[in-house]
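Peer 1: Before I ask anything, here is the structure I am working with.
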Amino acid sequence: MSIKMILFDLDGTLLPMDQNTFVKAYFGGLAKRLAPYGYDSEKLIAAIWKGTGAMVKNDGSKTNEAVFWDAFANIFGESVRADEPKFDAFYREDFDKVSVSCGYDKRAKETVDAIKARGFRVALATNPIFPSIATEKRMAWAGFEPTDFELFTTYENSCYCKPNPLYYRAVVDALNIDPEDCLMVGNDVDEDMIAQKLGMKVFLLTDCLINKEEKDISVYPHGNFDALLEYVNTLK
């Protein structure tokens with residue numbers, strides 16, 4: 001069966017980054033922005049990790065957004081929900097400063113454009129732990145606009161996270177396509193290659209490889225953007 005849809009991860013795939021460097025810059029900027037409102041930086045960061053963990057464990061009964069804020073409010077109290085606009089303001093006004101912690105690779109946009117020119121549909125299957133505004137910012141850092149993709153996942157429109165296979169099931173359902181008709185491209189062995197369990201083909205982009213369990217990656221088609229294009233040429 002020929003591939004019709006190619007799903008791309010964002011962080012470490014289309015947007016080059018060292019995850020630890022990015023997280024340090026992101027948390028540092030957010031803590032600085034919220035400190036004047038009485039947020040202790042250590043407690044804030046711990047609460048964000050708690051909320052992130054809750055989203056990763058989301059059973060689909062609520063959006064990731066709701067799950068995050070429930071966990072966050074459980075630490076800071078229900079009144080914290082009124083501060084959500086302050087977080088949005090950080091993403092709108094300060095988040096771009098975090099871009100210096102990331103790289104830029106023009107081949108990312110060139111590759112996606114080349115793939116679209118060959119008749120494939122494309123969507124952005126980035127782990128939906130960020131709000132839409134933060135996801136659109138990170139897309140822009142990589143050279144993309146929201147209209148470049150049929151869909152991009154955010155914590156507002158998702159009820160699961162990677163590496164839960166149900167995340168990928170929800171993505172293909174939203175795109176009205178069968179998993180067998182999709183290729184998932186990502187840099188994280190655990191979070192992205194698991195799409196194979198649904199019957200998707202996968203390609204492991206190794207420029208910013210994450211392989212926490214040091215698995216044998218030879219079992220996956222893998223390589224850089226040039227290797228990806230070569231692989232795509234075999235699909236259609």
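In the structure tokens, chains take letters A, B, ... by order of appearance, with residues numbered from 1 within each chain and ligands from 1 in the order shown.
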Run DSSP on the backbone and tell me which residues of segment 11-151 of chain A come out as strand (DSSP E or B); list them as a list in words.
Peer 2: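 Checking each residue of segment 11-151 of chain A, the strand (DSSP E or B) ones are Asp11, Leu15, Met17, Cys102, Arg121, Val122, Ala123 and Leu124 of chain A.
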Peer 1: Please produce a file of those selected residues containing N, CA, C and O atoms, as a PDB file, in the first residue's frame.
Peer 2:
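Printed below is selection-v1.pdb as written:
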ATOM      1  N   ASP A  11      10.300  19.141  17.506  1.00  0.00           N
ATOM      2  CA  ASP A  11      11.495  19.391  18.316  1.00  0.00           C
ATOM      3  C   ASP A  11      12.537  18.303  18.095  1.00  0.00           C
ATOM      4  O   ASP A  11      12.302  17.127  18.388  1.00  0.00           O
ATOM      5  N   LEU A  15      13.034  21.081  13.884  1.00  0.00           N
ATOM      6  CA  LEU A  15      13.699  22.149  14.646  1.00  0.00           C
ATOM      7  C   LEU A  15      14.873  21.551  15.409  1.00  0.00           C
ATOM      8  O   LEU A  15      14.675  20.855  16.409  1.00  0.00           O
ATOM      9  N   MET A  17      17.589  20.838  18.013  1.00  0.00           N
ATOM     10  CA  MET A  17      17.768  21.280  19.399  1.00  0.00           C
ATOM     11  C   MET A  17      18.381  20.179  20.234  1.00  0.00           C
ATOM     12  O   MET A  17      18.237  18.991  19.935  1.00  0.00           O
ATOM     13  N   CYS A 102      17.966  26.914  20.276  1.00  0.00           N
ATOM     14  CA  CYS A 102      17.710  25.949  19.208  1.00  0.00           C
ATOM     15  C   CYS A 102      18.578  26.271  17.994  1.00  0.00           C
ATOM     16  O   CYS A 102      19.117  27.364  17.861  1.00  0.00           O
ATOM     17  N   ARG A 121       0.620  14.282   1.402  1.00  0.00           N
ATOM     18  CA  ARG A 121       0.037  15.145   2.408  1.00  0.00           C
ATOM     19  C   ARG A 121       1.000  15.197   3.593  1.00  0.00           C
ATOM     20  O   ARG A 121       1.741  14.232   3.835  1.00  0.00           O
ATOM     21  N   VAL A 122       1.019  16.310   4.332  1.00  0.00           N
ATOM     22  CA  VAL A 122       1.914  16.418   5.490  1.00  0.00           C
ATOM     23  C   VAL A 122       1.174  16.997   6.688  1.00  0.00           C
ATOM     24  O   VAL A 122       0.289  17.846   6.544  1.00  0.00           O
ATOM     25  N   ALA A 123       1.546  16.507   7.868  1.00  0.00           N
ATOM     26  CA  ALA A 123       0.996  17.014   9.122  1.00  0.00           C
ATOM     27  C   ALA A 123       2.115  17.047  10.151  1.00  0.00           C
ATOM     28  O   ALA A 123       3.143  16.369  10.007  1.00  0.00           O
ATOM     29  N   LEU A 124       1.908  17.838  11.194  1.00  0.00           N
ATOM     30  CA  LEU A 124       2.922  17.999  12.230  1.00  0.00           C
ATOM     31  C   LEU A 124       2.470  17.261  13.484  1.00  0.00           C
ATOM     32  O   LEU A 124       1.563  17.713  14.189  1.00  0.00           O
TER      33      LEU A 124
END
Peer 1: From the DSSP assignment of the backbone, select every residue of segment 115-229 of chain A that is alpha helix (DSSP H), and format the answer as a PyMOL selection string.
Peer 2: chain A and resi 115-117+132-141+165-175+189-192+225-229
Peer 1: What does the distance from atom CA of Pro165 of chain A to atom CA of Asn74 of chain A come to in Å, to one decimal?
Peer 2: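 Computed distance, atom CA of Pro165 of chain A to atom CA of Asn74 of chain A, equals 27.5 Å.
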Peer 1: With distances taken over only C-alpha atoms, which of A:Leu183, A:Ile75, A:Val232, A:Cys159 is nearest to Ser61 of chain A?
Peer 2: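 Result for the nearest residue to Ser61 of chain A: A:Cys159.
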Peer 1: May I have the residues within 10 Å of Val112 of chain A as a ChimeraX atom specification, using only C-alpha atoms and disregarding those fewer than 2 positions away in the same chain?
Peer 2: /A:6,8,14,107-110,114-118,120-123,144,148-149,225,229
Peer 1: Those residues with N, CA, C and O atoms, as a CSV table (one decimal), in the first residue's frame please?
Peer 2:
chain,number,residue,atom,x,y,z
A,6,ILE,N,2.6,12.0,5.3
A,6,ILE,CA,3.9,12.0,6.1
A,6,ILE,C,3.7,12.9,7.3
A,6,ILE,O,3.4,14.1,7.2
A,8,PHE,N,5.4,14.6,10.6
A,8,PHE,CA,6.7,15.0,11.1
A,8,PHE,C,6.6,15.4,12.6
A,8,PHE,O,5.7,16.1,13.0
A,14,LEU,N,12.3,18.7,12.8
A,14,LEU,CA,12.4,19.9,11.9
A,14,LEU,C,13.1,21.1,12.6
A,14,LEU,O,13.6,21.9,11.9
A,107,ARG,N,17.3,22.8,5.5
A,107,ARG,CA,16.9,21.6,4.8
A,107,ARG,C,15.6,21.1,5.3
A,107,ARG,O,14.9,20.3,4.6
A,108,ALA,N,15.2,21.5,6.5
A,108,ALA,CA,13.9,21.0,7.0
A,108,ALA,C,12.7,21.5,6.2
A,108,ALA,O,11.9,20.7,5.7
A,109,LYS,N,12.7,22.8,5.9
A,109,LYS,CA,11.6,23.4,5.1
A,109,LYS,C,11.8,22.9,3.6
A,109,LYS,O,10.8,22.5,3.0
A,110,GLU,N,13.0,22.8,3.1
A,110,GLU,CA,13.2,22.3,1.8
A,110,GLU,C,12.7,20.9,1.6
A,110,GLU,O,12.1,20.6,0.6
A,114,ALA,N,9.7,19.7,-0.7
A,114,ALA,CA,9.9,18.7,-1.8
A,114,ALA,C,9.0,17.5,-1.7
A,114,ALA,O,8.5,17.0,-2.7
A,115,ILE,N,8.7,17.1,-0.4
A,115,ILE,CA,7.8,16.0,-0.2
A,115,ILE,C,6.4,16.4,-0.6
A,115,ILE,O,5.6,15.6,-1.2
A,116,LYS,N,6.0,17.6,-0.3
A,116,LYS,CA,4.6,18.1,-0.7
A,116,LYS,C,4.5,18.2,-2.3
A,116,LYS,O,3.5,17.8,-2.8
A,117,ALA,N,5.6,18.6,-2.9
A,117,ALA,CA,5.6,18.7,-4.3
A,117,ALA,C,5.5,17.3,-5.0
A,117,ALA,O,5.1,17.3,-6.2
A,118,ARG,N,5.8,16.3,-4.3
A,118,ARG,CA,5.7,14.9,-4.9
A,118,ARG,C,4.3,14.3,-4.6
A,118,ARG,O,4.1,13.2,-4.9
A,120,PHE,N,2.6,14.2,-1.6
A,120,PHE,CA,2.2,13.7,-0.3
A,120,PHE,C,1.5,14.7,0.6
A,120,PHE,O,1.8,15.9,0.4
A,121,ARG,N,0.6,14.3,1.4
A,121,ARG,CA,0.0,15.1,2.4
A,121,ARG,C,1.0,15.2,3.6
A,121,ARG,O,1.7,14.2,3.8
A,122,VAL,N,1.0,16.3,4.3
A,122,VAL,CA,1.9,16.4,5.5
A,122,VAL,C,1.2,17.0,6.7
A,122,VAL,O,0.3,17.8,6.5
A,123,ALA,N,1.5,16.5,7.9
A,123,ALA,CA,1.0,17.0,9.1
A,123,ALA,C,2.1,17.0,10.2
A,123,ALA,O,3.1,16.4,10.0
A,144,PHE,N,8.6,27.5,9.3
A,144,PHE,CA,7.3,27.0,8.9
A,144,PHE,C,6.2,28.0,9.4
A,144,PHE,O,6.4,28.7,10.3
A,148,ASP,N,1.5,25.4,6.5
A,148,ASP,CA,2.3,24.4,5.8
A,148,ASP,C,1.9,23.0,6.1
A,148,ASP,O,2.3,22.0,5.4
A,149,PHE,N,1.0,22.8,7.1
A,149,PHE,CA,0.6,21.4,7.5
A,149,PHE,C,-0.9,21.4,7.6
A,149,PHE,O,-1.6,22.3,8.0
A,225,PHE,N,18.3,14.4,6.4
A,225,PHE,CA,17.3,14.8,5.5
A,225,PHE,C,17.5,14.2,4.1
A,225,PHE,O,16.5,13.9,3.4
A,229,LEU,N,14.7,11.9,2.0
A,229,LEU,CA,14.2,12.0,0.7
A,229,LEU,C,14.4,10.8,-0.2
A,229,LEU,O,13.6,10.4,-0.9
Peer 1: Leaving out Ala46 of chain A and any residue of its chain fewer than 3 positions from it, which residues lie within 12 Å of it when counting only C-alpha atoms, given as a ChimeraX atom specification?
Peer 2: /A:27,31,39-43,49-53,71-72,75-76
Peer 1: May I ask for the distance between atom CA of Tyr167 of chain A and atom CA of Ala82 of chain A, given in Å to one decimal place?
Peer 2: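 Atom CA of Tyr167 of chain A sits 29.0 Å away from atom CA of Ala82 of chain A.
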